[in-house]
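Peer 1: This is the content of upload-v3.pdb (PDB, C-alpha atoms):
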ATOM      1  CA  MET A   1     -14.169   7.021 -13.227
ATOM      2  CA  SER A   2     -15.130   3.491 -14.313
ATOM      3  CA  GLU A   3     -11.511   2.780 -15.319
ATOM      4  CA  ILE A   4     -10.684   2.978 -11.606
ATOM      5  CA  PHE A   5     -12.772  -0.151 -11.033
ATOM      6  CA  ASP A   6     -10.700  -2.354 -13.324
ATOM      7  CA  GLU A   7      -8.373  -5.091 -12.052
ATOM      8  CA  THR A   8      -5.984  -4.675 -14.967
ATOM      9  CA  ASN A   9      -5.525  -0.958 -14.205
ATOM     10  CA  MET A  10      -5.146  -1.737 -10.516
ATOM     11  CA  LYS A  11      -2.402  -4.299 -11.176
ATOM     12  CA  GLN A  12      -0.532  -1.828 -13.388
ATOM     13  CA  PHE A  13      -0.707   0.978 -10.808
ATOM     14  CA  LEU A  14       0.347  -1.260  -7.906
ATOM     15  CA  GLY A  15       2.996  -3.001 -10.027
ATOM     16  CA  LYS A  16       4.817   0.293 -10.472
ATOM     17  CA  TYR A  17       5.631   0.348  -6.726
ATOM     18  CA  MET A  18       6.037  -3.348  -5.870
ATOM     19  CA  PRO A  19       9.500  -4.620  -4.937
ATOM     20  CA  GLN A  20      11.401  -6.381  -7.718
ATOM     21  CA  GLY A  21      10.543 -10.079  -7.933
ATOM     22  CA  GLU A  22       7.410  -9.939  -5.768
ATOM     23  CA  ALA A  23       3.938 -10.815  -6.997
ATOM     24  CA  LEU A  24       0.657  -9.213  -6.039
ATOM     25  CA  LEU A  25      -1.280 -11.587  -3.750
ATOM     26  CA  ALA A  26      -4.336  -9.339  -3.411
ATOM     27  CA  GLY A  27      -5.312  -5.831  -4.439
ATOM     28  CA  ILE A  28      -8.474  -3.733  -4.315
ATOM     29  CA  HIS A  29      -9.853  -0.257  -4.800
ATOM     30  CA  ALA A  30     -10.205   1.619  -1.503
ATOM     31  CA  ILE A  31     -10.661   5.152  -0.213
ATOM     32  CA  SER A  32      -8.035   6.986   1.788
ATOM     33  CA  LYS A  33      -9.577   9.358   4.316
ATOM     34  CA  GLU A  34      -6.274  10.537   5.788
ATOM     35  CA  THR A  35      -2.637   9.942   4.880
ATOM     36  CA  ASN A  36       0.423  10.903   6.883
ATOM     37  CA  ILE A  37       3.672   9.516   5.501
ATOM     38  CA  ARG A  38       6.887  10.100   7.430
ATOM     39  CA  GLN A  39      10.289   9.159   6.063
ATOM     40  CA  VAL A  40      13.783  10.313   6.889
ATOM     41  CA  PHE A  41      16.568  10.523   4.303
ATOM     42  CA  GLU A  42      20.274  11.273   4.515
ATOM     43  CA  LYS A  43      23.001  12.445   2.134
ATOM     44  CA  CYS A  44      20.452  14.261   0.026
ATOM     45  CA  ALA A  45      19.008  17.586  -1.016
ATOM     46  CA  TYR A  46      15.450  18.699  -1.765
ATOM     47  CA  MET A  47      14.705  19.932  -5.277
ATOM     48  CA  GLU A  48      11.418  21.142  -6.763
ATOM     49  CA  ASP A  49       9.597  17.790  -7.015
ATOM     50  CA  ARG A  50      12.186  15.334  -5.759
ATOM     51  CA  ILE A  51      14.895  14.421  -3.327
ATOM     52  CA  VAL A  52      18.297  13.932  -4.938
ATOM     53  CA  PRO A  53      21.556  12.341  -3.732
ATOM     54  CA  ASP A  54      24.105  14.798  -2.355
ATOM     55  CA  GLU A  55      27.201  13.526  -0.528
ATOM     56  CA  ARG A  56      27.432  16.861   1.317
ATOM     57  CA  GLY A  57      23.707  16.880   2.024
ATOM     58  CA  GLY A  58      22.312  16.311   5.459
ATOM     59  CA  ILE A  59      19.301  14.599   6.923
ATOM     60  CA  ILE A  60      15.824  15.502   5.706
ATOM     61  CA  ALA A  61      12.658  14.385   7.470
ATOM     62  CA  LEU A  62       9.690  14.403   5.099
ATOM     63  CA  ASN A  63       6.037  14.477   6.131
ATOM     64  CA  LYS A  64       3.672  13.896   3.210
ATOM     65  CA  LYS A  65       0.052  14.538   4.231
ATOM     66  CA  LYS A  66      -3.453  14.541   2.820
ATOM     67  CA  TYR A  67      -6.608  15.063   4.886
ATOM     68  CA  SER A  68      -9.354  14.476   2.350
ATOM     69  CA  ALA A  69     -10.913  11.420   0.736
ATOM     70  CA  TYR A  70      -9.399  10.086  -2.478
ATOM     71  CA  ASP A  71      -9.359   6.826  -4.432
ATOM     72  CA  ILE A  72      -6.438   4.455  -3.998
ATOM     73  CA  TYR A  73      -5.462   0.897  -4.740
ATOM     74  CA  ILE A  74      -4.144  -1.129  -1.828
ATOM     75  CA  GLY A  75      -2.356  -4.411  -2.311
ATOM     76  CA  ILE A  76      -0.187  -6.926  -0.543
ATOM     77  CA  THR A  77       2.705  -9.063  -1.701
ATOM     78  CA  SER A  78       4.410 -11.748   0.360
ATOM     79  CA  SER A  79       6.334  -9.088   2.286
ATOM     80  CA  SER A  80       4.944  -5.657   1.358
ATOM     81  CA  LEU A  81       1.976  -3.336   1.677
ATOM     82  CA  VAL A  82       1.603  -1.307  -1.527
ATOM     83  CA  ILE A  83      -0.564   1.807  -1.902
ATOM     84  CA  ALA A  84      -1.056   3.686  -5.173
ATOM     85  CA  GLU A  85      -3.279   6.609  -6.103
ATOM     86  CA  CYS A  86      -5.942   5.937  -8.720
ATOM     87  CA  GLU A  87      -5.540   9.499  -9.980
ATOM     88  CA  GLU A  88      -2.881  12.125  -9.325
ATOM     89  CA  HIS A  89      -3.537  14.171  -6.178
ATOM     90  CA  ASN A  90      -1.785  16.946  -4.300
ATOM     91  CA  TYR A  91      -0.270  16.518  -0.862
ATOM     92  CA  PHE A  92       0.975  18.861   1.798
ATOM     93  CA  TYR A  93       4.734  18.422   2.215
ATOM     94  CA  GLU A  94       6.732  19.420   5.277
ATOM     95  CA  PHE A  95      10.511  19.198   5.330
ATOM     96  CA  ASP A  96      12.712  19.326   8.397
ATOM     97  CA  ASP A  97      16.510  19.145   8.361
ATOM     98  CA  LYS A  98      16.585  18.490  12.121
ATOM     99  CA  PRO A  99      14.218  15.587  12.823
ATOM    100  CA  GLY A 100      14.775  16.018  16.587
ATOM    101  CA  MET A 101      14.841  12.340  17.441
ATOM    102  CA  GLY A 102      17.048   9.304  17.041
ATOM    103  CA  GLU A 103      15.939   7.981  13.676
ATOM    104  CA  LYS A 104      16.863   4.322  13.237
ATOM    105  CA  ASP A 105      15.223   3.988   9.831
ATOM    106  CA  ILE A 106      17.142   6.680   7.977
ATOM    107  CA  GLN A 107      17.292   5.894   4.272
ATOM    108  CA  GLU A 108      20.316   6.932   2.243
ATOM    109  CA  VAL A 109      19.338   8.481  -1.082
ATOM    110  CA  VAL A 110      21.252   6.828  -3.938
ATOM    111  CA  SER A 111      19.141   8.047  -6.876
ATOM    112  CA  ASP A 112      16.547  10.736  -7.560
ATOM    113  CA  MET A 113      13.256  10.098  -5.743
ATOM    114  CA  LEU A 114      10.110  11.816  -6.960
ATOM    115  CA  LEU A 115       8.010  13.081  -4.053
ATOM    116  CA  SER A 116       4.984  11.410  -5.665
ATOM    117  CA  ASP A 117       6.693   7.989  -5.393
ATOM    118  CA  ILE A 118       7.557   8.310  -1.704
ATOM    119  CA  GLY A 119       5.293   6.391   0.658
ATOM    120  CA  THR A 120       3.929   3.810  -1.737
ATOM    121  CA  CYS A 121       5.525   0.578  -0.488
ATOM    122  CA  PHE A 122       6.116  -0.594   3.076
ATOM    123  CA  PRO A 123       7.418  -3.860   4.532
ATOM    124  CA  LEU A 124       4.575  -5.741   6.234
ATOM    125  CA  ALA A 125       6.959  -6.233   9.163
ATOM    126  CA  ASP A 126       6.912  -2.428   9.691
ATOM    127  CA  ILE A 127       3.197  -2.405  10.521
ATOM    128  CA  GLN A 128       2.956  -1.410  14.165
ATOM    129  CA  SER A 129      -0.810  -1.807  14.440
ATOM    130  CA  CYS A 130      -3.924  -2.116  12.361
ATOM    131  CA  GLU A 131      -7.342  -1.325  13.779
ATOM    132  CA  ILE A 132     -10.253  -2.796  11.828
ATOM    133  CA  LYS A 133     -13.853  -1.651  12.386
ATOM    134  CA  LYS A 134     -17.120  -2.208  10.587
ATOM    135  CA  GLY A 135     -18.171   0.733   8.467
ATOM    136  CA  TRP A 136     -21.247   1.897   6.644
ATOM    137  CA  MET A 137     -23.011  -0.447   4.146
ATOM    138  CA  GLY A 138     -20.618  -3.361   4.658
ATOM    139  CA  SER A 139     -17.435  -1.347   4.314
ATOM    140  CA  VAL A 140     -14.483  -1.769   6.647
ATOM    141  CA  LYS A 141     -12.629   1.117   8.296
ATOM    142  CA  CYS A 142      -8.942   0.450   8.625
ATOM    143  CA  PHE A 143      -6.385   2.490  10.600
ATOM    144  CA  ILE A 144      -2.844   1.341   9.773
ATOM    145  CA  SER A 145       0.088   2.742  11.710
ATOM    146  CA  MET A 146       3.691   1.994  10.858
ATOM    147  CA  LYS A 147       6.678   1.847  13.204
ATOM    148  CA  ASN A 148       8.145   5.055  11.704
ATOM    149  CA  GLY A 149       5.048   7.181  12.480
ATOM    150  CA  THR A 150       3.392   6.838   9.068
ATOM    151  CA  TYR A 151      -0.333   6.140   9.193
ATOM    152  CA  PHE A 152      -3.312   5.669   6.892
ATOM    153  CA  LYS A 153      -7.051   5.928   7.600
ATOM    154  CA  LEU A 154      -8.735   3.852   4.908
ATOM    155  CA  VAL A 155     -12.167   2.612   3.941
ATOM    156  CA  LEU A 156     -12.286  -0.758   2.193
ATOM    157  CA  PRO A 157     -15.637  -0.870   0.352
ATOM    158  CA  LYS A 158     -17.753  -3.998   0.352
ATOM    159  CA  LEU A 159     -18.093  -3.919  -3.437
ATOM    160  CA  GLY A 160     -15.521  -3.285  -6.142
ATOM    161  CA  GLY A 161     -17.635  -0.915  -8.212
ATOM    162  CA  LEU A 162     -20.298  -1.554 -10.817
ATOM    163  CA  GLY A 163     -19.774  -3.335 -14.104
ATOM    164  CA  GLY A 164     -17.798  -6.351 -12.904
ATOM    165  CA  GLY A 165     -14.364  -4.846 -13.555
ATOM    166  CA  MET A 166     -13.050  -6.142 -10.225
ATOM    167  CA  PRO A 167     -14.407  -9.703 -10.014
ATOM    168  CA  HIS A 168     -12.049 -10.728  -7.172
ATOM    169  CA  HIS A 169     -12.735  -7.719  -4.943
ATOM    170  CA  GLU A 170     -14.438  -9.605  -2.088
ATOM    171  CA  GLU A 171     -11.821 -12.392  -2.035
ATOM    172  CA  TYR A 172      -8.902  -9.925  -2.187
ATOM    173  CA  ARG A 173     -10.446  -7.629   0.424
ATOM    174  CA  ASP A 174     -10.736 -10.566   2.822
ATOM    175  CA  LYS A 175      -7.063 -11.488   2.193
ATOM    176  CA  ILE A 176      -5.918  -7.923   2.816
ATOM    177  CA  ILE A 177      -7.977  -7.610   6.021
ATOM    178  CA  SER A 178      -6.680 -10.956   7.264
ATOM    179  CA  CYS A 179      -3.084  -9.985   6.542
ATOM    180  CA  LEU A 180      -3.388  -6.557   8.168
ATOM    181  CA  SER A 181      -5.266  -7.978  11.176
ATOM    182  CA  ARG A 182      -2.315 -10.238  11.954
ATOM    183  CA  GLY A 183       0.015  -7.235  12.016
ATOM    184  CA  ASN A 184       2.058  -8.680   9.162
ATOM    185  CA  ALA A 185       2.014 -11.620   6.809
TER     186      ALA A 185
END
Would it be possible to restate this file's structure as structure tokens?

Peer 2:
Amino acid sequence: MSEIFDETNMKQFLGKYMPQGEALLAGIHAISKETNIRQVFEKCAYMEDRIVPDERGGIIALNKKKYSAYDIYIGITSSSLVIAECEEHNYFYEFDDKPGMGEKDIQEVVSDMLLSDIGTCFPLADIQSCEIKKGWMGSVKCFISMKNGTYFKLVLPKLGGLGGGMPHHEEYRDKIISCLSRGNA
């Protein structure tokens, strides 16, 4: 568990999902209380643990959900919000081949996409709203909703764990809250 509270580990986990050429401006350990990721893909097919390109494939709406607390890293770059699990967790997946609405943000699948990698990086410009409230023992509750219907209920702890493995936690937490409070960077 103590390896979770290590900035080097955090940077490696978040780095896996950051857009090419972007640098991490701030990152911390946080707790996700509820996750609901919604993305729509076209020209694809669903396989066991991934979505694959298929020219004859149709549109697939994916809802990736988790309704229990788990450890995550949350970070920001100059243009992205990045969220990575600290440890592997299971999600509830729902697939729909008829999304039932005009989807403007349909993503064409050009290479295999692992389900575990979906919903880890979002443009800051896609943040629709972010509600920040004071939590218990100096923590901050954060409800982030994206324009595509994705949302996260997070707790950003006051401290970055024991042992000093995250010496910049307070500074980075303040940067993240400031960025999210503005709606985007």

Peer 1: What is the distance between CA of Asp117 (chain A) and CA of Cys44 (chain A), in Å to one decimal?

Peer 2: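 Taking CA of Asp117 (chain A) as the start and CA of Cys44 (chain A) as the end point, the length is 16.1 Å.
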
Peer 1: Could you check the closest approach to Val140 (chain A) for each of A:Leu162, A:Leu154, A:Ile83, A:Ile60 and tell me which residue wins, using all atoms listed in the file?

Peer 2: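 Closest candidate: A:Leu154.
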
Peer 1: Adding 6 Å on each side of the box along x, y and z that holds all listed atoms of region 40-46 of chain A, could you give its centre and edge lengths in Å to one decimal, as AutoDock Vina command-line options?

Peer 2:
--center_x 18.4 --center_y 14.5 --center_z 2.6 --size_x 21.2 --size_y 20.4 --size_z 20.7

Peer 1: Quick one: everything within 10 Å of Leu81 (chain A), counting all atoms listed in the file, minus sequence neighbours fewer than 5 positions away in the same chain. Send it as a ChimeraX atom specification.

Peer 2: /A:14,17-18,24,27,74-76,120-127,176,179-180,184-185

Peer 1: Find the residues around region 28-31 of chain A up to 9 Å (only C-alpha atoms counted), leave out those fewer than 4 positions away in its own chain, and share them as a PDB file with C-alpha atoms, in the frame of the given file.

Peer 2:
ATOM      1  CA  ILE A   4     -10.684   2.978 -11.606  1.00  0.00           C
ATOM      2  CA  PHE A   5     -12.772  -0.151 -11.033  1.00  0.00           C
ATOM      3  CA  ASP A   6     -10.700  -2.354 -13.324  1.00  0.00           C
ATOM      4  CA  GLU A   7      -8.373  -5.091 -12.052  1.00  0.00           C
ATOM      5  CA  MET A  10      -5.146  -1.737 -10.516  1.00  0.00           C
ATOM      6  CA  ALA A  69     -10.913  11.420   0.736  1.00  0.00           C
ATOM      7  CA  TYR A  70      -9.399  10.086  -2.478  1.00  0.00           C
ATOM      8  CA  ASP A  71      -9.359   6.826  -4.432  1.00  0.00           C
ATOM      9  CA  ILE A  72      -6.438   4.455  -3.998  1.00  0.00           C
ATOM     10  CA  TYR A  73      -5.462   0.897  -4.740  1.00  0.00           C
ATOM     11  CA  ILE A  74      -4.144  -1.129  -1.828  1.00  0.00           C
ATOM     12  CA  GLY A  75      -2.356  -4.411  -2.311  1.00  0.00           C
ATOM     13  CA  CYS A  86      -5.942   5.937  -8.720  1.00  0.00           C
ATOM     14  CA  LYS A 153      -7.051   5.928   7.600  1.00  0.00           C
ATOM     15  CA  LEU A 154      -8.735   3.852   4.908  1.00  0.00           C
ATOM     16  CA  VAL A 155     -12.167   2.612   3.941  1.00  0.00           C
ATOM     17  CA  LEU A 156     -12.286  -0.758   2.193  1.00  0.00           C
ATOM     18  CA  PRO A 157     -15.637  -0.870   0.352  1.00  0.00           C
ATOM     19  CA  GLY A 160     -15.521  -3.285  -6.142  1.00  0.00           C
ATOM     20  CA  GLY A 161     -17.635  -0.915  -8.212  1.00  0.00           C
ATOM     21  CA  MET A 166     -13.050  -6.142 -10.225  1.00  0.00           C
ATOM     22  CA  HIS A 168     -12.049 -10.728  -7.172  1.00  0.00           C
ATOM     23  CA  HIS A 169     -12.735  -7.719  -4.943  1.00  0.00           C
ATOM     24  CA  GLU A 170     -14.438  -9.605  -2.088  1.00  0.00           C
ATOM     25  CA  TYR A 172      -8.902  -9.925  -2.187  1.00  0.00           C
ATOM     26  CA  ARG A 173     -10.446  -7.629   0.424  1.00  0.00           C
ATOM     27  CA  ILE A 176      -5.918  -7.923   2.816  1.00  0.00           C
TER      28      ILE A 176
END

Peer 1: Quick one: apply the PyMOL selection byres ((chain A and resi 41) around 6) to the file and drop the selected residues here as a ChimeraX atom specification.

Peer 2: /A:40,42,59-60,106-108

Peer 1: Using CA of Ser68 (chain A) and CA of Ser129 (chain A) as the two end points, give the distance in Å to one decimal.

Peer 2: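 Separation of CA of Ser68 (chain A) and CA of Ser129 (chain A): 22.0 Å.
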
Peer 1: Please report the interatomic distance between CA of Glu94 (chain A) and CA of Lys43 (chain A) in Å with one decimal.

Peer 2: 18.0 Å

Peer 1: Name the residues that the PyMOL selection byres ((chain A and resi 54) around 7) picks from the file above, as a PyMOL selection string, using the file's chain letters and numbers.

Peer 2: chain A and resi 43-45+52-53+55-57

Peer 1: Can you work out which one of A:Gly165, A:Gly119, A:Gly21, A:Gly135 has the shortest atom-to-atom distance to Glu3 (chain A), counting all atoms listed in the file?

Peer 2: A:Gly165

Peer 1: What's around Lys64 (chain A) at 8 Å? Count only C-alpha atoms, leave out sequence neighbours fewer than 4 positions away in its own chain, and write the answer as a list in words.

Peer 2: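 Near Lys64 (chain A), the qualifying residues are Thr35, Asn36, Ile37, Arg38, Tyr91, Phe92, Tyr93 and Glu94 of chain A.
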
Peer 1: Which is closer to Lys11 (chain A) than all the others in A:Thr77, A:Tyr67, A:Arg50, A:Ile177, using only C-alpha atoms?

Peer 2: A:Thr77

Peer 1: Taking into account all atoms listed in the file, which residue in the set A:Thr150, A:Ser116, A:Ser32, A:Gln20 is nearest to Glu48 (chain A)?

Peer 2: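 Of A:Thr150, A:Ser116, A:Ser32, A:Gln20, the one nearest Glu48 (chain A), counting all atoms listed in the file, is A:Ser116.
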
Peer 1: Counting all atoms listed in the file, which of A:Arg182, A:Lys33, A:Lys175, A:Lys158 gets nearest to Met137 (chain A)?

Peer 2: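 The answer is A:Lys158, which sits nearest to Met137 (chain A).
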
Peer 1: Here is a test: counting all atoms listed in the file, which residue of A:Asn90, A:Asp112, A:Glu85, A:Ser79 is nearest to Lys65 (chain A)?

Peer 2: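 Looking at the shortest contact to Lys65 (chain A), the residue is A:Asn90.
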
Peer 1: Can you pull out every residue within 6 Å of Gln128 (chain A), counting all atoms listed in the file, but drop anything in the same chain fewer than 3 positions away, and send it as a list in words?

Peer 2: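 Skipping anything fewer than 3 positions along the chain leaves Ser145, Met146 and Lys147 of chain A.
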
Peer 1: Take region 38-49 of chain A from the preceding structure and save all heavy atoms as a JSON list (two decimals), in the first residue's frame.

Peer 2:
[["chain", "number", "residue", "atom", "x", "y", "z"],
["A", 38, "ARG", "N", -18.45, 7.40, -20.18],
["A", 38, "ARG", "CA", -19.28, 7.15, -21.37],
["A", 38, "ARG", "C", -18.49, 7.59, -22.60],
["A", 38, "ARG", "O", -18.07, 8.74, -22.68],
["A", 38, "ARG", "CB", -20.58, 7.93, -21.28],
["A", 38, "ARG", "CG", -21.42, 7.76, -22.52],
["A", 38, "ARG", "CD", -22.83, 8.28, -22.32],
["A", 38, "ARG", "NE", -23.58, 8.32, -23.55],
["A", 38, "ARG", "CZ", -24.13, 7.27, -24.15],
["A", 38, "ARG", "NH1", -23.99, 6.08, -23.63],
["A", 38, "ARG", "NH2", -24.82, 7.41, -25.27],
["A", 39, "GLN", "N", -18.31, 6.66, -23.53],
["A", 39, "GLN", "CA", -17.66, 6.98, -24.79],
["A", 39, "GLN", "C", -18.36, 6.21, -25.90],
["A", 39, "GLN", "O", -18.89, 5.12, -25.68],
["A", 39, "GLN", "CB", -16.17, 6.64, -24.75],
["A", 39, "GLN", "CG", -15.42, 7.61, -23.84],
["A", 39, "GLN", "CD", -13.93, 7.49, -23.98],
["A", 39, "GLN", "OE1", -13.34, 6.50, -23.60],
["A", 39, "GLN", "NE2", -13.32, 8.52, -24.54],
["A", 40, "VAL", "N", -18.36, 6.82, -27.07],
["A", 40, "VAL", "CA", -19.01, 6.22, -28.22],
["A", 40, "VAL", "C", -17.97, 6.03, -29.32],
["A", 40, "VAL", "O", -17.21, 6.95, -29.64],
["A", 40, "VAL", "CB", -20.18, 7.10, -28.73],
["A", 40, "VAL", "CG1", -20.86, 6.46, -29.92],
["A", 40, "VAL", "CG2", -21.18, 7.35, -27.60],
["A", 41, "PHE", "N", -17.97, 4.82, -29.90],
["A", 41, "PHE", "CA", -16.98, 4.46, -30.92],
["A", 41, "PHE", "C", -17.70, 4.01, -32.18],
["A", 41, "PHE", "O", -18.82, 3.50, -32.12],
["A", 41, "PHE", "CB", -16.10, 3.31, -30.40],
["A", 41, "PHE", "CG", -15.42, 3.62, -29.11],
["A", 41, "PHE", "CD1", -15.94, 3.18, -27.91],
["A", 41, "PHE", "CD2", -14.25, 4.36, -29.08],
["A", 41, "PHE", "CE1", -15.33, 3.45, -26.70],
["A", 41, "PHE", "CE2", -13.62, 4.65, -27.88],
["A", 41, "PHE", "CZ", -14.16, 4.19, -26.69],
["A", 42, "GLU", "N", -17.04, 4.17, -33.32],
["A", 42, "GLU", "CA", -17.61, 3.69, -34.58],
["A", 42, "GLU", "C", -16.58, 2.88, -35.35],
["A", 42, "GLU", "O", -15.39, 2.94, -35.06],
["A", 42, "GLU", "CB", -18.12, 4.86, -35.43],
["A", 42, "GLU", "CG", -17.03, 5.73, -36.01],
["A", 42, "GLU", "CD", -17.59, 6.83, -36.90],
["A", 42, "GLU", "OE1", -18.78, 6.80, -37.23],
["A", 42, "GLU", "OE2", -16.80, 7.72, -37.27],
["A", 43, "LYS", "N", -17.10, 2.13, -36.33],
["A", 43, "LYS", "CA", -16.27, 1.24, -37.16],
["A", 43, "LYS", "C", -15.44, 0.32, -36.27],
["A", 43, "LYS", "O", -14.22, 0.27, -36.36],
["A", 43, "LYS", "CB", -15.38, 2.04, -38.11],
["A", 43, "LYS", "CG", -16.16, 2.82, -39.13],
["A", 43, "LYS", "CD", -15.25, 3.50, -40.12],
["A", 43, "LYS", "CE", -16.06, 4.28, -41.13],
["A", 43, "LYS", "NZ", -15.26, 4.98, -42.08],
["A", 44, "CYS", "N", -16.15, -0.41, -35.40],
["A", 44, "CYS", "CA", -15.45, -1.25, -34.44],
["A", 44, "CYS", "C", -16.31, -2.45, -34.05],
["A", 44, "CYS", "O", -17.48, -2.53, -34.41],
["A", 44, "CYS", "CB", -15.10, -0.44, -33.20],
["A", 44, "CYS", "SG", -16.54, 0.25, -32.37],
["A", 45, "ALA", "N", -15.67, -3.34, -33.32],
["A", 45, "ALA", "CA", -16.36, -4.50, -32.77],
["A", 45, "ALA", "C", -15.82, -4.72, -31.36],
["A", 45, "ALA", "O", -14.68, -4.39, -31.05],
["A", 45, "ALA", "CB", -16.09, -5.74, -33.63],
["A", 46, "TYR", "N", -16.67, -5.31, -30.50],
["A", 46, "TYR", "CA", -16.29, -5.60, -29.13],
["A", 46, "TYR", "C", -15.75, -7.02, -29.06],
["A", 46, "TYR", "O", -16.36, -7.95, -29.56],
["A", 46, "TYR", "CB", -17.51, -5.43, -28.21],
["A", 46, "TYR", "CG", -17.34, -6.06, -26.86],
["A", 46, "TYR", "CD1", -16.42, -5.56, -25.95],
["A", 46, "TYR", "CD2", -18.10, -7.17, -26.49],
["A", 46, "TYR", "CE1", -16.27, -6.14, -24.70],
["A", 46, "TYR", "CE2", -17.96, -7.75, -25.25],
["A", 46, "TYR", "CZ", -17.04, -7.23, -24.36],
["A", 46, "TYR", "OH", -16.89, -7.81, -23.13],
["A", 47, "MET", "N", -14.58, -7.17, -28.47],
["A", 47, "MET", "CA", -13.99, -8.48, -28.21],
["A", 47, "MET", "C", -13.98, -8.68, -26.69],
["A", 47, "MET", "O", -14.51, -7.87, -25.96],
["A", 47, "MET", "CB", -12.57, -8.56, -28.77],
["A", 47, "MET", "CG", -12.49, -8.28, -30.28],
["A", 47, "MET", "SD", -13.32, -9.49, -31.28],
["A", 47, "MET", "CE", -12.06, -10.69, -31.47],
["A", 48, "GLU", "N", -13.34, -9.71, -26.22],
["A", 48, "GLU", "CA", -13.36, -10.08, -24.82],
["A", 48, "GLU", "C", -12.95, -8.95, -23.86],
["A", 48, "GLU", "O", -13.64, -8.65, -22.91],
["A", 48, "GLU", "CB", -12.44, -11.28, -24.60],
["A", 48, "GLU", "CG", -12.47, -11.82, -23.20],
["A", 48, "GLU", "CD", -11.64, -13.08, -23.10],
["A", 48, "GLU", "OE1", -11.73, -13.94, -24.00],
["A", 48, "GLU", "OE2", -10.91, -13.20, -22.12],
["A", 49, "ASP", "N", -11.82, -8.32, -24.11],
["A", 49, "ASP", "CA", -11.31, -7.28, -23.20],
["A", 49, "ASP", "C", -10.94, -6.00, -23.93],
["A", 49, "ASP", "O", -10.21, -5.18, -23.43],
["A", 49, "ASP", "CB", -10.11, -7.79, -22.42],
["A", 49, "ASP", "CG", -8.92, -8.11, -23.32],
["A", 49, "ASP", "OD1", -9.10, -8.23, -24.56],
["A", 49, "ASP", "OD2", -7.80, -8.23, -22.79]]
